[in-house]
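J.: Okay, handing you the structure first.
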Amino acid sequence: MGDKQGRGPRKWVNLLLLVPCIAALWVPLYNFDEPRLFGIPFFYAWQLIWIWLGAGLTWIVYVVDWRGSDR
Amino acid sequence: MSDTASPVAIGIFVALFFLISSLGFVATRWKKADLNQLDEWGLGGRRFGPLLVWFLLGGDLYTAYTFVALPALMYASGGAGFFAVPYSIVVFPIVFAIFPKLWTICSERGYVTAADLVGGLFRNRALALMIALTGIVATMPYLSLQLVGLEAIFAGLGLHASVTLFGHEMELPLLVAFAVMAGFTYNSGIRAPAIIAVVKDILIYTTLIAAIVVIPAKLGGYGAIFDAVPAEKLIIPPTPPGSLGPQFAYATLALGGALGLFLYPHALTGLLAASSRDAIRRNAVFMPIYAFALALLLLLGFMALASGVKQMPEFADGFARFGNIYAVPALFNHMFPPWFVGTAFAAIAIGALVPGAIMSIAAANLFTRNIYRAFIRPDCSEAHETQVAKIFSLLVKAGALGFVTFFPETSVVQLQLIGGIWMCQTLPAVLMGLYFKWLSGNALLLGWAAGIGAGTAMAAATGFKDSVYTLTILGLDIPCYSAVSALVLNIAVAVLLSLALRPSARPDTMAPAPAN
């Protein structure tokens, strides 16, 4: 992946894909009951929110580096 | 069981079930092609656009068993059961980054299965055979579990009729449902589950949205639901000294699940049916909608806990027979009017047929391509190959049905656990092989064997009850999902042996041969 010439710095955007992985797998980041969000403990709220943030970051990677390309 | 039976619920259930599954039979006419070709029957001619692949994969991954078993896990073990959510957060970036490359190689060279790919990359028939066998063996208990999910739904409906076959009592509704699935799979191949998945998803989403609005309103809000969960189960327990603790186990369960998911033949089949790399990437962006639905679904387990269905006498029979997987059917019966119960249960039951069909197609593809054609009849025609796949798909389903009939449900669950560990061990050959051409086929085969052996031994050490096994390294306790620790060993063996077995690849480090 990402080893084609001529893409320049754009290929670095792919590193964004790592962010949701870290946010989801680094459990000490979010293993708390408080604060709660609409009654939902932080543990659950964090993971629910990261589903959407992860999708958002993947979308950014797609738009910046992959959309319309035939790679 | 008749306590919960409602004629309205059963009537709506039966009508919807047959209406939707009949779509599977007319699916042959859609994107019409010669279904005597395996590429057409088994992969829909690789012509599915992003939207259809999205429905197909969703139907694939969130199965009837998921619907009843994952909430049941939350119900029993609290927050530790929520690992399916970080797992689905991680899986889609992985799909985005790796699978377009896999799709490209497979479609350029006409590969239908992971074993085709491995056989082609490494020219190693033994390795390809082991990849195929791992896929078939790991898929079987998964398919059986779809039936367990169906059984729980039928019990929730109070639909109970049995026939005695070979001295064993068999559930008649289960037989009928399975015959329907076998029929449309044989007839239409992968087109059937793809079309059904679209309708099913609409029903599932309606059900879920109603559930997450109506049930919390009745129970006094989300705060009240979480307050019903014992405090020590709400989050992951603290890390004891000298150990990486349960939080590490949680993370490895998520990671291992995510790595294994798309190695499963049925998931790979869904991806290979995509019409382009772009379709796969766009899917990875939109799959999280399913992940969110899955998270809400998991919370149904806590809702069942808060509603107190377990203490209600009318559900005592169901809990006694099915254990915690009866929690969600009981919750729906308790919370919703019969017409809605019928609709929701029909959605979940159809949710068993879609992955069931894809799983049997995927297993059949593996058998036909990588066992029958590779070792038994190398010169068979394409039409003959497809006929063998169709028949094998029937045999796989019959086997799954026999399995749940003759073995206790716990052994099916245990086999599924080992299946997940085994499936992960095909990762080095299937995915690392895409990038590292210097890996040797024989080294990968030995790595696979080491991973399978270690994974099975770790699972056996827990009595096949727990997928997490605690390793002690230098005095530090490491509770880790066995699939992940076995995979680390697997990769180490494969890489080190590849370096050792191919001295010609590193001429600079070789001592000059004395004979020259």
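All residue names refer to the structure tokens as shown: chains lettered A, B, ... in order, residues numbered from 1 in each chain, ligands numbered from 1 in order.
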Up to 9 Å from chain B, what residues of chain A turn up? Count only C-alpha atoms and give them as number ranges by chain.
T.: A: 1, 14, 17-18, 20-28, 31-33, 36, 38-41, 43-44, 47-48, 50-52, 54-59, 62, 66-71
J.: If we count only C-alpha atoms, what is near region 35-44 of chain B at a cut-off of 7 Å, once residues fewer than 4 positions away on the same chain are taken out, given as a VMD selection string?
T.: chain B and resid 188 to 191 269 272 to 273 361 365 382 to 383 386
J.: If you count only C-alpha atoms, which residues fall within 10 Å of Pro338 (chain B), apart from same-chain ones fewer than 2 positions away, as a list in words?
T.: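 Selected residues are Thr4, Ala5, Ser6, Pro7, Val8, Ala9, Ile10, Gly11, Ile12, Phe13, Leu157, Phe332, Asn333, His334, Met335, Phe336, Phe340, Val341, Gly342, Thr343 and Ala344 of chain B.
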J.: Taking the chain letters and numbering used in this document, name the residues of region 91-325 of chain B that DSSP puts in strand (DSSP E), as a PyMOL selection string.
T.: chain B and resi 162-165+168-171
J.: Can I get the selection written as a PDB file, in the first residue's frame, with N, CA and C atoms?
T.:
ATOM      1  N   SER B 162     -42.494 -31.067  17.231  1.00  0.00           N
ATOM      2  CA  SER B 162     -41.310 -31.865  16.967  1.00  0.00           C
ATOM      3  C   SER B 162     -41.664 -33.177  16.279  1.00  0.00           C
ATOM      4  N   VAL B 163     -40.713 -33.651  15.540  1.00  0.00           N
ATOM      5  CA  VAL B 163     -40.847 -34.969  14.932  1.00  0.00           C
ATOM      6  C   VAL B 163     -39.691 -35.825  15.432  1.00  0.00           C
ATOM      7  N   THR B 164     -39.889 -37.129  15.436  1.00  0.00           N
ATOM      8  CA  THR B 164     -38.807 -37.991  15.888  1.00  0.00           C
ATOM      9  C   THR B 164     -38.141 -38.638  14.678  1.00  0.00           C
ATOM     10  N   LEU B 165     -36.834 -38.367  14.559  1.00  0.00           N
ATOM     11  CA  LEU B 165     -36.059 -38.922  13.454  1.00  0.00           C
ATOM     12  C   LEU B 165     -34.887 -39.689  14.038  1.00  0.00           C
ATOM     13  N   HIS B 168     -34.266 -39.413  17.594  1.00  0.00           N
ATOM     14  CA  HIS B 168     -34.002 -38.115  18.200  1.00  0.00           C
ATOM     15  C   HIS B 168     -35.140 -37.160  17.889  1.00  0.00           C
ATOM     16  N   GLU B 169     -35.462 -36.345  18.875  1.00  0.00           N
ATOM     17  CA  GLU B 169     -36.517 -35.377  18.648  1.00  0.00           C
ATOM     18  C   GLU B 169     -35.951 -34.198  17.861  1.00  0.00           C
ATOM     19  N   MET B 170     -36.619 -33.850  16.782  1.00  0.00           N
ATOM     20  CA  MET B 170     -36.149 -32.703  16.007  1.00  0.00           C
ATOM     21  C   MET B 170     -37.245 -31.658  15.935  1.00  0.00           C
ATOM     22  N   GLU B 171     -36.827 -30.414  16.013  1.00  0.00           N
ATOM     23  CA  GLU B 171     -37.794 -29.325  15.930  1.00  0.00           C
ATOM     24  C   GLU B 171     -38.277 -29.181  14.494  1.00  0.00           C
TER      25      GLU B 171
END
J.: Find, counting only C-alpha atoms, the residue in B:Gly78, B:Gly453, B:Ile195, B:Trp339 that gets nearest to Thr207 (chain B).
T.: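 Smallest distance to Thr207 (chain B) is found for B:Trp339.
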J.: Using only C-alpha atoms, which of B:Phe392, B:Phe184, B:Phe407, B:Phe262 sits nearest Ser360 (chain B)?
T.: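 Of all the options, B:Phe392 lies closest to Ser360 (chain B).
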J.: From region 107-341 of chain B, collect each residue whose DSSP state is helix (DSSP H, G or I) and return the set as a PyMOL selection string.
T.: chain B and resi 107-109+114-122+125-157+172-188+191-219+221-227+231-234+245-261+265-272+277-286+288-307+309-311+313-335+338-341
J.: Determine, counting only C-alpha atoms, which protein, DNA and RNA residues have an atom within 12 Å of an atom of Met181 (chain B); residues of the same chain fewer than 2 positions away are not included. Present the result as a PyMOL selection string.
T.: chain B and resi 17-18+20-25+146-147+174-179+183-190+192-193+196+349-361+393-394+397-398
J.: Store the residues picked out above, limited to N, CA and C atoms, as a CSV table (one decimal), in the first residue's frame.
T.:
chain,number,residue,atom,x,y,z
B,17,PHE,N,-41.7,-14.6,7.1
B,17,PHE,CA,-40.6,-15.5,6.8
B,17,PHE,C,-40.7,-16.1,5.4
B,18,PHE,N,-41.9,-16.5,5.1
B,18,PHE,CA,-42.0,-17.2,3.7
B,18,PHE,C,-42.0,-16.1,2.6
B,20,ILE,N,-40.3,-13.3,2.6
B,20,ILE,CA,-39.0,-12.8,2.3
B,20,ILE,C,-38.1,-13.9,1.7
B,21,SER,N,-38.2,-15.2,2.3
B,21,SER,CA,-37.3,-16.2,1.7
B,21,SER,C,-37.7,-16.6,0.3
B,22,SER,N,-39.0,-16.3,-0.1
B,22,SER,CA,-39.3,-16.6,-1.5
B,22,SER,C,-38.5,-15.7,-2.5
B,23,LEU,N,-38.1,-14.6,-2.0
B,23,LEU,CA,-37.2,-13.7,-2.8
B,23,LEU,C,-36.0,-14.4,-3.2
B,24,GLY,N,-35.5,-15.3,-2.4
B,24,GLY,CA,-34.3,-16.1,-2.7
B,24,GLY,C,-34.4,-16.9,-3.9
B,25,PHE,N,-35.7,-17.4,-4.2
B,25,PHE,CA,-35.9,-18.2,-5.4
B,25,PHE,C,-36.0,-17.4,-6.7
B,146,GLN,N,-26.1,-20.8,14.0
B,146,GLN,CA,-27.2,-20.1,13.4
B,146,GLN,C,-28.5,-20.9,13.8
B,147,LEU,N,-28.4,-22.2,13.8
B,147,LEU,CA,-29.6,-23.0,14.2
B,147,LEU,C,-29.9,-22.8,15.6
B,174,LEU,N,-37.6,-25.8,12.7
B,174,LEU,CA,-36.2,-25.7,12.4
B,174,LEU,C,-35.9,-26.4,11.1
B,175,LEU,N,-36.5,-27.6,10.9
B,175,LEU,CA,-36.3,-28.4,9.7
B,175,LEU,C,-36.9,-27.6,8.5
B,176,VAL,N,-38.1,-27.0,8.7
B,176,VAL,CA,-38.7,-26.3,7.6
B,176,VAL,C,-37.8,-25.1,7.2
B,177,ALA,N,-37.4,-24.3,8.2
B,177,ALA,CA,-36.6,-23.1,7.9
B,177,ALA,C,-35.3,-23.5,7.2
B,178,PHE,N,-34.7,-24.6,7.6
B,178,PHE,CA,-33.5,-25.1,7.0
B,178,PHE,C,-33.6,-25.6,5.6
B,179,ALA,N,-34.8,-26.3,5.3
B,179,ALA,CA,-35.1,-26.8,4.0
B,179,ALA,C,-35.2,-25.6,3.0
B,183,GLY,N,-32.9,-24.9,-0.2
B,183,GLY,CA,-33.5,-24.7,-1.5
B,183,GLY,C,-33.0,-23.5,-2.2
B,184,PHE,N,-33.1,-22.4,-1.6
B,184,PHE,CA,-32.7,-21.2,-2.4
B,184,PHE,C,-31.2,-21.1,-2.6
B,185,THR,N,-30.4,-21.6,-1.7
B,185,THR,CA,-29.0,-21.6,-1.9
B,185,THR,C,-28.6,-22.5,-3.1
B,186,TYR,N,-29.2,-23.7,-3.2
B,186,TYR,CA,-28.9,-24.6,-4.3
B,186,TYR,C,-29.3,-24.0,-5.6
B,187,ASN,N,-30.5,-23.3,-5.5
B,187,ASN,CA,-31.1,-22.8,-6.7
B,187,ASN,C,-30.4,-21.5,-7.3
B,188,SER,N,-30.1,-20.6,-6.3
B,188,SER,CA,-29.7,-19.3,-6.8
B,188,SER,C,-28.3,-18.9,-6.4
B,189,GLY,N,-27.6,-19.7,-5.6
B,189,GLY,CA,-26.3,-19.4,-5.1
B,189,GLY,C,-26.3,-18.1,-4.3
B,190,ILE,N,-25.2,-17.3,-4.4
B,190,ILE,CA,-25.0,-16.1,-3.6
B,190,ILE,C,-26.0,-15.0,-3.9
B,192,ALA,N,-29.1,-15.2,-3.8
B,192,ALA,CA,-30.3,-15.3,-2.9
B,192,ALA,C,-30.0,-14.6,-1.6
B,193,PRO,N,-28.9,-14.9,-0.9
B,193,PRO,CA,-28.7,-14.2,0.4
B,193,PRO,C,-28.5,-12.7,0.1
B,196,ILE,N,-32.0,-11.2,-0.2
B,196,ILE,CA,-32.7,-11.3,1.1
B,196,ILE,C,-32.1,-10.3,2.1
B,349,ALA,N,-34.8,-14.3,12.5
B,349,ALA,CA,-34.7,-15.6,11.9
B,349,ALA,C,-34.2,-15.6,10.5
B,350,ILE,N,-34.7,-14.6,9.7
B,350,ILE,CA,-34.1,-14.4,8.4
B,350,ILE,C,-32.6,-14.1,8.5
B,351,GLY,N,-32.3,-13.4,9.6
B,351,GLY,CA,-30.9,-13.1,9.9
B,351,GLY,C,-30.1,-14.3,10.1
B,352,ALA,N,-30.7,-15.4,10.3
B,352,ALA,CA,-29.9,-16.7,10.4
B,352,ALA,C,-29.7,-17.3,9.0
B,353,LEU,N,-30.7,-17.1,8.1
B,353,LEU,CA,-30.7,-17.7,6.8
B,353,LEU,C,-29.6,-17.1,5.9
B,354,VAL,N,-29.5,-15.8,6.0
B,354,VAL,CA,-28.5,-15.1,5.1
B,354,VAL,C,-27.1,-15.6,5.4
B,355,PRO,N,-26.6,-15.5,6.6
B,355,PRO,CA,-25.2,-16.0,6.8
B,355,PRO,C,-25.1,-17.5,6.6
B,356,GLY,N,-26.2,-18.2,7.0
B,356,GLY,CA,-26.2,-19.6,6.8
B,356,GLY,C,-25.9,-20.0,5.4
B,357,ALA,N,-26.7,-19.3,4.5
B,357,ALA,CA,-26.5,-19.6,3.1
B,357,ALA,C,-25.1,-19.2,2.6
B,358,ILE,N,-24.6,-18.1,3.0
B,358,ILE,CA,-23.3,-17.6,2.6
B,358,ILE,C,-22.2,-18.6,3.1
B,359,MET,N,-22.4,-19.0,4.4
B,359,MET,CA,-21.4,-19.9,5.0
B,359,MET,C,-21.3,-21.2,4.2
B,360,SER,N,-22.5,-21.8,3.9
B,360,SER,CA,-22.5,-23.0,3.2
B,360,SER,C,-21.9,-22.9,1.7
B,361,ILE,N,-22.2,-21.7,1.1
B,361,ILE,CA,-21.6,-21.5,-0.2
B,361,ILE,C,-20.1,-21.4,-0.1
B,393,SER,N,-22.8,-27.9,-0.7
B,393,SER,CA,-23.5,-26.9,0.2
B,393,SER,C,-24.6,-27.5,0.9
B,394,LEU,N,-25.3,-28.5,0.3
B,394,LEU,CA,-26.4,-29.2,0.9
B,394,LEU,C,-25.9,-30.1,2.1
B,397,LYS,N,-25.0,-28.2,5.2
B,397,LYS,CA,-26.1,-27.8,6.0
B,397,LYS,C,-26.7,-29.0,6.7
B,398,ALA,N,-26.8,-30.1,6.0
B,398,ALA,CA,-27.3,-31.3,6.7
B,398,ALA,C,-26.4,-31.6,7.9
J.: Would you compute the distance between CA of Ile202 (chain B) and CA of Pro50 (chain B)? Give it in Å to one decimal.
T.: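 Calculated distance between CA of Ile202 (chain B) and CA of Pro50 (chain B) is 17.1 Å.
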J.: Could you state the separation of CA of Gln387 (chain B) and CA of Gly45 (chain B) in Å, given to one decimal place?
T.: 16.5 Å
